[in-house]
$ cat run07.cif   # mmCIF, C-alpha atoms and all ligand atoms
data_input
#
loop_
_atom_site.label_atom_id
_atom_site.label_comp_id
_atom_site.auth_asym_id
_atom_site.auth_seq_id
_atom_site.Cartn_x
_atom_site.Cartn_y
_atom_site.Cartn_z
CA MET A 1450 -148.66 81.84 79.17
CA GLU A 1451 -147.66 79.45 76.45
CA LYS A 1452 -143.96 79.98 76.75
CA THR A 1453 -143.82 78.82 80.33
CA LEU A 1454 -144.52 75.33 79.05
CA ILE A 1455 -140.93 74.90 78.02
CA THR A 1456 -138.68 74.85 81.02
CA ASN A 1457 -135.35 73.94 79.50
CA SER A 1458 -133.77 72.87 76.26
CA ASP A 1459 -133.83 69.21 77.24
CA ASP A 1460 -137.57 69.23 77.40
CA LYS A 1461 -138.84 66.91 74.74
CA ALA A 1462 -142.15 65.97 73.28
CA ARG A 1463 -142.80 62.77 71.41
CA PHE A 1464 -144.49 63.55 68.15
CA LEU A 1465 -145.32 60.95 65.51
CA GLY A 1466 -142.33 58.89 66.59
CA TYR A 1467 -139.96 61.84 66.70
CA ASP A 1468 -138.54 63.53 69.75
CA VAL A 1469 -139.17 67.23 69.33
CA THR A 1470 -137.34 70.01 71.11
CA ILE A 1471 -136.95 73.70 70.81
CA CYS A 1472 -133.38 74.82 71.23
CA ASN A 1473 -133.71 77.61 73.69
CA ASP A 1474 -130.75 79.88 73.32
CA ASN A 1475 -131.93 82.21 76.05
CA ALA A 1476 -131.65 85.21 73.82
CA LEU A 1477 -133.06 88.42 75.11
CA LYS A 1478 -134.96 90.73 72.88
CA LYS A 1479 -136.50 94.13 73.27
CA ALA A 1480 -140.24 94.14 73.49
CA LYS A 1481 -142.17 97.32 72.90
CA GLY A 1482 -142.64 99.11 76.19
CA LYS A 1483 -141.62 96.09 78.25
CA GLY A 1484 -137.87 96.33 78.31
CA THR A 1485 -136.05 93.10 77.54
CA VAL A 1486 -137.86 89.78 77.62
CA LYS A 1487 -136.72 86.25 77.17
CA ALA A 1488 -137.21 85.32 73.57
CA TYR A 1489 -137.78 81.86 72.26
CA THR A 1490 -135.76 82.28 69.14
CA GLY A 1491 -134.60 78.69 69.12
CA LYS A 1492 -135.42 76.41 66.27
CA ILE A 1493 -137.50 73.30 66.31
CA LYS A 1494 -135.36 70.19 66.27
CA LEU A 1495 -136.45 66.71 65.50
CA TYR A 1496 -134.69 63.62 66.77
CA LEU A 1497 -134.91 59.96 66.00
CA PRO A 1498 -135.23 58.31 69.43
CA LYS A 1499 -132.83 55.42 70.00
CA GLU A 1500 -135.60 53.13 71.18
CA LYS A 1501 -137.30 53.51 67.78
CA TRP A 1502 -134.50 52.21 65.58
CA VAL A 1503 -133.24 49.67 68.10
CA GLY A 1504 -136.83 48.54 68.56
CA LYS A 1505 -137.12 47.98 64.80
CA LEU A 1506 -133.98 45.82 64.79
CA LEU A 1507 -135.25 43.78 67.70
CA GLY A 1508 -138.64 43.51 66.03
CA TYR A 1509 -137.09 42.20 62.82
CA GLY A 1510 -135.19 39.67 64.90
CA VAL A 1511 -131.85 40.78 63.46
CA LEU A 1512 -130.29 41.93 66.73
CA LYS A 1513 -129.48 40.37 70.04
CA ILE A 1514 -128.23 42.56 72.84
CA VAL A 1515 -126.08 40.72 75.35
CA SER A 1516 -125.55 42.56 78.58
CA ARG A 1517 -123.77 41.24 81.61
CA ALA A 1518 -123.39 43.15 84.83
CA GLY A 1519 -120.22 45.22 84.86
CA GLU A 1520 -119.48 44.56 81.20
CA LYS A 1521 -120.06 46.55 78.08
CA GLU A 1522 -123.19 45.70 76.17
CA VAL A 1523 -122.51 43.51 73.14
CA TRP A 1524 -124.61 43.77 70.00
CA LYS A 1525 -124.90 40.67 67.86
CA PRO A 1526 -126.46 40.75 64.43
CA LEU A 1527 -128.58 37.65 63.83
CA GLN A 1528 -129.43 35.70 60.72
CA ARG A 1529 -133.04 35.73 59.57
CA ASN A 1530 -134.29 32.21 59.40
CA ASP A 1531 -137.43 33.22 57.55
CA TYR A 1532 -135.33 34.62 54.68
CA ILE A 1533 -132.93 31.70 54.23
CA PHE A 1534 -134.88 30.11 51.41
CA LEU A 1535 -135.26 33.31 49.44
CA PRO A 1536 -133.01 34.03 46.46
CA VAL A 1537 -130.24 36.32 47.69
CA HIS A 1538 -131.32 39.25 45.52
CA GLU A 1539 -134.75 38.99 47.15
CA MET A 1540 -133.15 39.16 50.56
CA VAL A 1541 -131.30 42.29 49.50
CA ARG A 1542 -134.53 43.82 48.27
CA LYS A 1543 -136.25 43.16 51.59
CA TYR A 1544 -133.40 44.52 53.69
CA ASN A 1545 -133.25 47.58 51.46
CA ALA A 1546 -136.96 48.24 51.81
CA GLN A 1547 -136.66 48.16 55.58
CA ILE A 1548 -133.59 50.41 55.60
CA ARG A 1549 -135.17 52.90 53.20
CA GLY A 1550 -138.41 52.81 55.14
CA ILE A 1551 -136.94 54.00 58.42
CA TYR A 1552 -134.67 56.48 56.67
CA ASN A 1553 -137.50 58.00 54.70
CA TYR A 1554 -139.53 58.37 57.83
CA TYR A 1555 -136.76 59.93 59.90
CA ARG A 1556 -134.87 61.89 57.26
CA LEU A 1557 -135.79 65.17 58.93
CA ALA A 1558 -134.15 64.16 62.21
CA SER A 1559 -131.03 66.03 63.28
CA ASN A 1560 -129.45 62.77 64.36
CA VAL A 1561 -130.57 60.70 61.36
CA SER A 1562 -126.96 59.57 60.87
CA VAL A 1563 -127.44 57.13 63.77
CA LEU A 1564 -129.02 54.99 61.07
CA ASN A 1565 -125.47 54.05 60.06
CA LYS A 1566 -125.58 51.80 63.13
CA PHE A 1567 -128.96 50.47 62.05
CA HIS A 1568 -127.47 49.76 58.63
CA TYR A 1569 -124.48 47.99 60.13
CA VAL A 1570 -126.65 45.53 62.03
CA MET A 1571 -128.86 44.93 58.98
CA GLU A 1572 -125.78 44.42 56.78
CA TYR A 1573 -124.25 41.79 59.03
CA SER A 1574 -127.60 40.12 59.53
CA LEU A 1575 -127.78 39.82 55.73
CA TYR A 1576 -124.27 38.31 55.52
CA LYS A 1577 -125.21 35.80 58.22
CA THR A 1578 -128.41 34.89 56.43
CA VAL A 1579 -126.55 34.33 53.16
CA ALA A 1580 -123.93 32.29 55.03
CA ALA A 1581 -126.64 30.12 56.55
CA LYS A 1582 -128.25 29.65 53.15
CA TYR A 1583 -125.05 28.33 51.54
CA ARG A 1584 -123.55 26.87 54.71
CA ILE A 1585 -120.45 29.00 54.37
CA THR A 1586 -118.77 31.43 56.75
CA MET A 1587 -120.02 34.96 57.13
CA THR A 1588 -116.80 36.32 55.66
CA LYS A 1589 -117.17 34.13 52.59
CA ALA A 1590 -120.76 35.18 52.20
CA LYS A 1591 -119.72 38.80 52.33
CA LEU A 1592 -116.90 38.36 49.83
CA LYS A 1593 -119.02 36.29 47.48
CA TYR A 1594 -120.99 39.32 46.39
CA THR A 1595 -118.82 42.28 47.41
CA LYS A 1596 -117.08 44.25 44.69
CA ASN A 1597 -115.73 47.78 45.09
CA LYS A 1598 -117.30 47.97 48.54
CA GLU A 1599 -120.73 47.16 47.13
CA PHE A 1600 -122.75 44.10 48.02
CA LYS A 1601 -124.10 43.40 44.58
CA VAL A 1602 -126.18 40.34 43.74
CA PRO A 1603 -126.81 39.43 40.11
CA TYR A 1604 -130.11 37.95 39.03
CA LYS A 1605 -131.54 37.03 35.69
CA THR A 1606 -134.50 38.72 34.10
CA GLN A 1607 -135.99 38.50 30.62
CA LYS A 1608 -134.07 41.64 29.79
CA GLY A 1609 -130.76 40.18 30.90
CA THR A 1610 -128.78 40.26 34.12
CA LYS A 1611 -129.69 42.82 36.74
CA TYR A 1612 -128.20 43.56 40.15
CA ALA A 1613 -129.63 44.06 43.58
CA VAL A 1614 -127.27 46.33 45.52
CA LEU A 1615 -127.42 46.61 49.30
CA TYR A 1616 -128.37 50.17 50.23
CA ASN A 1617 -125.24 52.30 50.31
CA GLU A 1618 -126.43 55.84 49.77
CA GLY A 1619 -125.89 57.05 53.32
CA PHE A 1620 -128.18 58.84 55.73
CA ARG A 1621 -128.01 62.52 55.13
CA ARG A 1622 -130.52 64.71 56.83
CA VAL A 1623 -132.92 66.45 54.50
CA LYS A 1624 -134.66 69.65 55.40
CA TYR A 1625 -137.96 68.87 53.81
CA ALA A 1626 -140.02 65.74 53.64
CA LEU A 1627 -140.62 65.01 50.01
CA GLY A 1628 -142.84 62.82 47.94
CA SER A 1629 -145.24 60.31 49.31
CA TYR A 1630 -143.82 60.58 52.81
CA ALA A 1631 -144.67 64.23 53.14
CA ASP A 1632 -148.12 63.46 54.46
CA ILE A 1633 -147.04 61.23 57.31
CA ILE A 1634 -144.56 63.69 58.74
CA PRO A 1635 -145.62 67.07 60.00
CA GLU A 1636 -143.73 69.45 57.81
CA TYR A 1637 -142.33 71.57 60.56
CA GLU A 1638 -139.96 73.51 58.42
CA GLN A 1639 -142.67 74.39 55.96
CA MET A 1640 -145.32 75.25 58.45
CA ASN A 1641 -146.15 78.83 59.18
CA LYS A 1642 -146.04 78.43 62.90
CA PRO A 1643 -144.15 75.29 63.86
CA LYS A 1644 -143.55 76.55 67.36
CA GLU A 1645 -147.20 77.21 67.80
CA LEU A 1646 -148.02 73.57 67.08
CA PHE A 1647 -145.25 72.50 69.39
CA PHE A 1648 -146.63 74.58 72.24
CA ARG A 1649 -150.14 73.38 71.57
CA TYR A 1650 -148.81 69.85 71.66
CA LYS A 1651 -146.95 70.48 74.90
CA ALA A 1652 -150.00 71.99 76.55
CA ASN A 1653 -151.56 68.52 76.83
CA VAL A 1654 -155.01 69.97 76.41
CA CYS A 1655 -157.48 68.46 73.97
CA GLU A 1656 -158.63 71.13 71.54
CA MET A 1657 -161.90 69.29 71.01
CA CYS A 1658 -163.20 68.44 74.48
CA GLY A 1659 -160.86 70.52 76.61
CA ALA A 1660 -159.57 67.58 78.64
CA TYR A 1661 -156.13 67.82 80.19
CA VAL A 1662 -154.38 64.55 79.44
CA PRO A 1663 -150.83 63.24 79.91
CA ALA A 1664 -150.44 62.56 76.20
CA VAL A 1665 -152.13 64.18 73.26
CA LYS A 1666 -152.24 63.19 69.61
CA VAL A 1667 -152.26 65.29 66.53
CA TYR A 1668 -154.88 64.93 63.86
CA GLN A 1669 -153.75 66.40 60.59
CA VAL A 1670 -155.12 66.94 57.13
CA LYS A 1671 -153.05 67.64 54.06
CA ASN A 1672 -155.24 70.38 52.66
CA MET A 1673 -157.89 72.62 54.12
CA SER A 1674 -160.16 71.35 51.36
CA ASP A 1675 -159.94 67.87 52.90
CA LEU A 1676 -161.84 69.10 55.95
CA ASP A 1677 -165.38 67.95 56.45
CA VAL A 1678 -166.91 70.98 58.14
CA ASN A 1679 -169.96 68.93 59.10
CA THR A 1680 -167.89 67.09 61.67
CA GLU A 1681 -167.12 68.59 65.06
CA TRP A 1682 -163.38 68.54 64.43
CA GLY A 1683 -163.67 69.75 60.86
CA ALA A 1684 -165.71 72.72 62.02
CA ILE A 1685 -163.15 73.62 64.72
CA MET A 1686 -160.24 73.37 62.32
CA ASN A 1687 -162.08 75.34 59.69
CA ARG A 1688 -162.90 78.07 62.18
CA LYS A 1689 -159.28 78.24 63.36
CA LYS A 1690 -157.96 77.89 59.81
CA ARG A 1691 -155.69 75.06 60.85
CA LYS A 1692 -154.68 71.81 59.28
CA THR A 1693 -153.85 70.31 62.65
CA LEU A 1694 -155.86 69.59 65.74
CA VAL A 1695 -154.31 68.52 69.04
CA VAL A 1696 -156.64 66.05 70.70
CA CYS A 1697 -156.90 63.54 73.51
CA GLY A 1698 -156.93 59.80 72.82
CA ASP A 1699 -160.70 59.53 73.07
CA CYS A 1700 -161.33 62.33 70.62
CA TYR A 1701 -158.67 60.94 68.30
CA ASP A 1702 -160.53 57.64 68.24
CA ARG A 1703 -163.79 59.44 67.56
CA ILE A 1704 -162.23 61.18 64.58
CA HIS A 1705 -160.88 57.92 63.23
CA LYS A 1706 -164.03 55.87 63.67
ZN ZN B 1801 -160.81 65.19 73.77
#
$ encode --input "run07.cif" --output "structure tokens" --more "lines below"
Ligand SMILES: [Zn+2]
Amino acid sequence: MEKTLITNSDDKARFLGYDVTICNDNALKKAKGKGTVKAYTGKIKLYLPKEKWVGKLLGYGVLKIVSRAGEKEVWKPLQRNDYIFLPVHEMVRKYNAQIRGIYNYYRLASNVSVLNKFHYVMEYSLYKTVAAKYRITMTKAKLKYTKNKEFKVPYKTQKGTKYAVLYNEGFRRVKYALGSYADIIPEYEQMNKPKELFFRYKANVCEMCGAYVPAVKVYQVKNMSDLDVNTEWGAIMNRKKRKTLVVCGDCYDRIHK
């Protein structure tokens, strides 16, 4: 029985970098001729795992976590030595691209607002990098370009002065993945049977070779017309009329050869 796969609401699956859960509200519903049964009426929820955004910060080299036994962990934003020789508006552009990148990827997550913390570390890393560039204090670097709470760096172009503004548009959750990012995120909310995919994912069984594996991957096409029915996987997906196929690592590699 598929539904026995979920044992409690804390049960999570990692899916394309998201943590996925079904909120099980333990509702009972009447089933025809069977009395009341437990119904899985809960909604799919997506979460941005902490290790993902903290990992990005560590990977960029903008964060140092100092932890001493018995003391609270201290987070220190770091300057980026590889950016020091860039014009400041270029620095802003690079930081913005990295902030927007993670936000665009995780904008469906229920807890996407944790990216305010991500932003904070990036912001202070930027101030420190500007400070190092001009050999001034971090506070001076911040004030140098801050007006009306915006970090706004002028630069000259052939069409006159333009401004690079540090990202300040917040991290609201959006219900649908839009634009060019739509194809890298499974569109749970738009899918006919999001729970079905979730259960298939949780079953840990490869839909191609039948192997039971600790971790499965999901192969996905945007449109049914993208399927090559001459391939093993294309034929299976075509037969099942599905745009997704849950597979083991080996089969995933075969598909992507
Ligand atoms: Zn397989």
$ closest_residue --input "run07.cif" --among "A:Gly1519, A:Gly1508, A:Gly1659, A:Gly1466" --to "ligand ZN 1801 (chain B)" --atoms "all atoms listed in the file"
A:Gly1659
$ residues_near_ligand --input "run07.cif" --ligand "ligand ZN 1801 (chain B)" --cutoff "12 Å" --atoms "only C-alpha atoms and all ligand atoms" --output "PyMOL selection string"
chain A and resi 1653-1668+1681-1682+1694-1704
$ write_last_selection --input "run07.cif" --atoms "C-alpha atoms" --output "mmCIF file, in the frame of the given file"
data_model
loop_
_atom_site.group_PDB
_atom_site.id
_atom_site.type_symbol
_atom_site.label_atom_id
_atom_site.label_comp_id
_atom_site.auth_asym_id
_atom_site.auth_seq_id
_atom_site.Cartn_x
_atom_site.Cartn_y
_atom_site.Cartn_z
ATOM 1 C CA ASN A 1653 -151.560 68.520 76.830
ATOM 2 C CA VAL A 1654 -155.010 69.970 76.410
ATOM 3 C CA CYS A 1655 -157.480 68.460 73.970
ATOM 4 C CA GLU A 1656 -158.630 71.130 71.540
ATOM 5 C CA MET A 1657 -161.900 69.290 71.010
ATOM 6 C CA CYS A 1658 -163.200 68.440 74.480
ATOM 7 C CA GLY A 1659 -160.860 70.520 76.610
ATOM 8 C CA ALA A 1660 -159.570 67.580 78.640
ATOM 9 C CA TYR A 1661 -156.130 67.820 80.190
ATOM 10 C CA VAL A 1662 -154.380 64.550 79.440
ATOM 11 C CA PRO A 1663 -150.830 63.240 79.910
ATOM 12 C CA ALA A 1664 -150.440 62.560 76.200
ATOM 13 C CA VAL A 1665 -152.130 64.180 73.260
ATOM 14 C CA LYS A 1666 -152.240 63.190 69.610
ATOM 15 C CA VAL A 1667 -152.260 65.290 66.530
ATOM 16 C CA TYR A 1668 -154.880 64.930 63.860
ATOM 17 C CA GLU A 1681 -167.120 68.590 65.060
ATOM 18 C CA TRP A 1682 -163.380 68.540 64.430
ATOM 19 C CA LEU A 1694 -155.860 69.590 65.740
ATOM 20 C CA VAL A 1695 -154.310 68.520 69.040
ATOM 21 C CA VAL A 1696 -156.640 66.050 70.700
ATOM 22 C CA CYS A 1697 -156.900 63.540 73.510
ATOM 23 C CA GLY A 1698 -156.930 59.800 72.820
ATOM 24 C CA ASP A 1699 -160.700 59.530 73.070
ATOM 25 C CA CYS A 1700 -161.330 62.330 70.620
ATOM 26 C CA TYR A 1701 -158.670 60.940 68.300
ATOM 27 C CA ASP A 1702 -160.530 57.640 68.240
ATOM 28 C CA ARG A 1703 -163.790 59.440 67.560
ATOM 29 C CA ILE A 1704 -162.230 61.180 64.580
#
$ atom_distance --input "run07.cif" --atom1 "CA of Phe1620 in chain A" --atom2 "CA of Ser1562 in chain A"
5.3 Å
$ closest_residue --input "run07.cif" --among "A:Pro1526, A:Gly1683, A:Gly1504, A:Gly1609" --to "Leu1575 in chain A" --atoms "only C-alpha atoms"
A:Pro1526
$ closest_residue --input "run07.cif" --among "A:Ala1518, A:Leu1557, A:Val1511, A:Val1623" --to "Lys1577 in chain A" --atoms "all atoms listed in the file"
A:Val1511
$ residues_around --input "run07.cif" --residues "range 1540-1551 of chain A" --least-positions-apart "5" --cutoff "8 Å" --atoms "all atoms listed in the file" --output "list in words"
Trp1502, Tyr1532, Leu1535, Phe1567, His1568, Met1571, Leu1575, Val1602, Ala1613, Val1614, Leu1615 and Tyr1616 of chain A
$ atom_distance --input "run07.cif" --atom1 "CA of Leu1497 in chain A" --atom2 "CA of Tyr1509 in chain A"
18.2 Å
$ closest_residue --input "run07.cif" --among "A:Lys1601, A:Lys1611, A:Arg1556, A:Arg1529" --to "Lys1582 in chain A" --atoms "only C-alpha atoms"
A:Arg1529
$ atom_distance --input "run07.cif" --atom1 "CA of Ala1581 in chain A" --atom2 "CA of Thr1606 in chain A"
25.3 Å
$ closest_residue --input "run07.cif" --among "A:Asn1687, A:Ser1674, A:Thr1610, A:Thr1586" --to "His1538 in chain A" --atoms "all atoms listed in the file"
A:Thr1610
$ residues_around --input "run07.cif" --residues "Leu1512 in chain A" --least-positions-apart "3" --cutoff "8 Å" --atoms "all atoms listed in the file" --output "PyMOL selection string"
chain A and resi 1506-1507+1509+1524-1527+1570+1574
$ closest_residue --input "run07.cif" --among "A:Leu1592, A:Met1673, A:Val1561, A:Ala1652" --to "Gly1619 in chain A" --atoms "all atoms listed in the file"
A:Val1561
$ build_atoms --input "run07.cif" --residues "range 1570-1581 of chain A" --atoms "all heavy atoms" --output "mmCIF file, in the coordinates of the input"
data_model
loop_
_atom_site.group_PDB
_atom_site.id
_atom_site.type_symbol
_atom_site.label_atom_id
_atom_site.label_comp_id
_atom_site.auth_asym_id
_atom_site.auth_seq_id
_atom_site.Cartn_x
_atom_site.Cartn_y
_atom_site.Cartn_z
ATOM 1 N N VAL A 1570 -126.024 46.755 61.505
ATOM 2 C CA VAL A 1570 -126.650 45.530 62.030
ATOM 3 C C VAL A 1570 -127.403 44.796 60.910
ATOM 4 O O VAL A 1570 -127.307 43.572 60.777
ATOM 5 C CB VAL A 1570 -127.612 45.857 63.195
ATOM 6 C CG1 VAL A 1570 -128.378 44.614 63.638
ATOM 7 C CG2 VAL A 1570 -126.831 46.440 64.374
ATOM 8 N N MET A 1571 -128.124 45.541 60.088
ATOM 9 C CA MET A 1571 -128.860 44.930 58.980
ATOM 10 C C MET A 1571 -127.880 44.261 58.002
ATOM 11 O O MET A 1571 -128.120 43.148 57.520
ATOM 12 C CB MET A 1571 -129.682 45.999 58.240
ATOM 13 C CG MET A 1571 -130.814 46.579 59.046
ATOM 14 S SD MET A 1571 -132.168 45.398 59.331
ATOM 15 C CE MET A 1571 -133.212 45.761 57.916
ATOM 16 N N GLU A 1572 -126.790 44.933 57.710
ATOM 17 C CA GLU A 1572 -125.780 44.420 56.780
ATOM 18 C C GLU A 1572 -125.228 43.079 57.255
ATOM 19 O O GLU A 1572 -125.192 42.106 56.504
ATOM 20 C CB GLU A 1572 -124.662 45.460 56.658
ATOM 21 C CG GLU A 1572 -123.540 45.073 55.724
ATOM 22 C CD GLU A 1572 -122.416 46.111 55.737
ATOM 23 O OE1 GLU A 1572 -122.576 47.198 56.356
ATOM 24 O OE2 GLU A 1572 -121.373 45.824 55.124
ATOM 25 N N TYR A 1573 -124.847 43.037 58.531
ATOM 26 C CA TYR A 1573 -124.250 41.790 59.030
ATOM 27 C C TYR A 1573 -125.293 40.702 59.228
ATOM 28 O O TYR A 1573 -124.993 39.522 59.092
ATOM 29 C CB TYR A 1573 -123.408 42.062 60.284
ATOM 30 C CG TYR A 1573 -122.046 42.542 59.847
ATOM 31 C CD1 TYR A 1573 -121.837 43.888 59.550
ATOM 32 C CD2 TYR A 1573 -121.010 41.642 59.603
ATOM 33 C CE1 TYR A 1573 -120.620 44.321 59.056
ATOM 34 C CE2 TYR A 1573 -119.782 42.073 59.113
ATOM 35 C CZ TYR A 1573 -119.596 43.410 58.843
ATOM 36 O OH TYR A 1573 -118.391 43.834 58.328
ATOM 37 N N SER A 1574 -126.512 41.103 59.487
ATOM 38 C CA SER A 1574 -127.600 40.120 59.530
ATOM 39 C C SER A 1574 -127.776 39.499 58.142
ATOM 40 O O SER A 1574 -127.959 38.284 58.002
ATOM 41 C CB SER A 1574 -128.892 40.809 59.971
ATOM 42 O OG SER A 1574 -130.001 39.983 59.698
ATOM 43 N N LEU A 1575 -127.676 40.325 57.115
ATOM 44 C CA LEU A 1575 -127.780 39.820 55.730
ATOM 45 C C LEU A 1575 -126.643 38.835 55.434
ATOM 46 O O LEU A 1575 -126.886 37.746 54.909
ATOM 47 C CB LEU A 1575 -127.754 41.001 54.747
ATOM 48 C CG LEU A 1575 -127.667 40.644 53.250
ATOM 49 C CD1 LEU A 1575 -128.883 39.814 52.805
ATOM 50 C CD2 LEU A 1575 -127.574 41.908 52.397
ATOM 51 N N TYR A 1576 -125.412 39.209 55.767
ATOM 52 C CA TYR A 1576 -124.270 38.310 55.520
ATOM 53 C C TYR A 1576 -124.498 36.962 56.220
ATOM 54 O O TYR A 1576 -124.233 35.908 55.660
ATOM 55 C CB TYR A 1576 -122.957 38.898 56.030
ATOM 56 C CG TYR A 1576 -122.548 40.193 55.360
ATOM 57 C CD1 TYR A 1576 -121.712 41.095 56.015
ATOM 58 C CD2 TYR A 1576 -122.995 40.516 54.081
ATOM 59 C CE1 TYR A 1576 -121.319 42.283 55.416
ATOM 60 C CE2 TYR A 1576 -122.614 41.713 53.477
ATOM 61 C CZ TYR A 1576 -121.777 42.588 54.151
ATOM 62 O OH TYR A 1576 -121.406 43.761 53.561
ATOM 63 N N LYS A 1577 -124.995 37.042 57.454
ATOM 64 C CA LYS A 1577 -125.210 35.800 58.220
ATOM 65 C C LYS A 1577 -126.310 34.958 57.596
ATOM 66 O O LYS A 1577 -126.238 33.720 57.625
ATOM 67 C CB LYS A 1577 -125.557 36.135 59.672
ATOM 68 C CG LYS A 1577 -124.335 36.567 60.461
ATOM 69 C CD LYS A 1577 -124.635 36.676 61.942
ATOM 70 C CE LYS A 1577 -123.338 36.891 62.719
ATOM 71 N NZ LYS A 1577 -123.584 37.092 64.156
ATOM 72 N N THR A 1578 -127.313 35.627 57.059
ATOM 73 C CA THR A 1578 -128.410 34.890 56.430
ATOM 74 C C THR A 1578 -127.937 34.205 55.141
ATOM 75 O O THR A 1578 -128.276 33.047 54.875
ATOM 76 C CB THR A 1578 -129.598 35.838 56.147
ATOM 77 O OG1 THR A 1578 -129.926 36.539 57.349
ATOM 78 C CG2 THR A 1578 -130.823 35.069 55.680
ATOM 79 N N VAL A 1579 -127.117 34.922 54.385
ATOM 80 C CA VAL A 1579 -126.550 34.330 53.160
ATOM 81 C C VAL A 1579 -125.629 33.167 53.524
ATOM 82 O O VAL A 1579 -125.656 32.105 52.884
ATOM 83 C CB VAL A 1579 -125.769 35.397 52.346
ATOM 84 C CG1 VAL A 1579 -125.078 34.755 51.132
ATOM 85 C CG2 VAL A 1579 -126.699 36.515 51.888
ATOM 86 N N ALA A 1580 -124.840 33.346 54.570
ATOM 87 C CA ALA A 1580 -123.930 32.290 55.030
ATOM 88 C C ALA A 1580 -124.719 31.037 55.423
ATOM 89 O O ALA A 1580 -124.345 29.913 55.069
ATOM 90 C CB ALA A 1580 -123.103 32.788 56.214
ATOM 91 N N ALA A 1581 -125.826 31.252 56.125
ATOM 92 C CA ALA A 1581 -126.640 30.120 56.550
ATOM 93 C C ALA A 1581 -127.258 29.415 55.350
ATOM 94 O O ALA A 1581 -127.385 28.191 55.313
ATOM 95 C CB ALA A 1581 -127.735 30.606 57.510
#
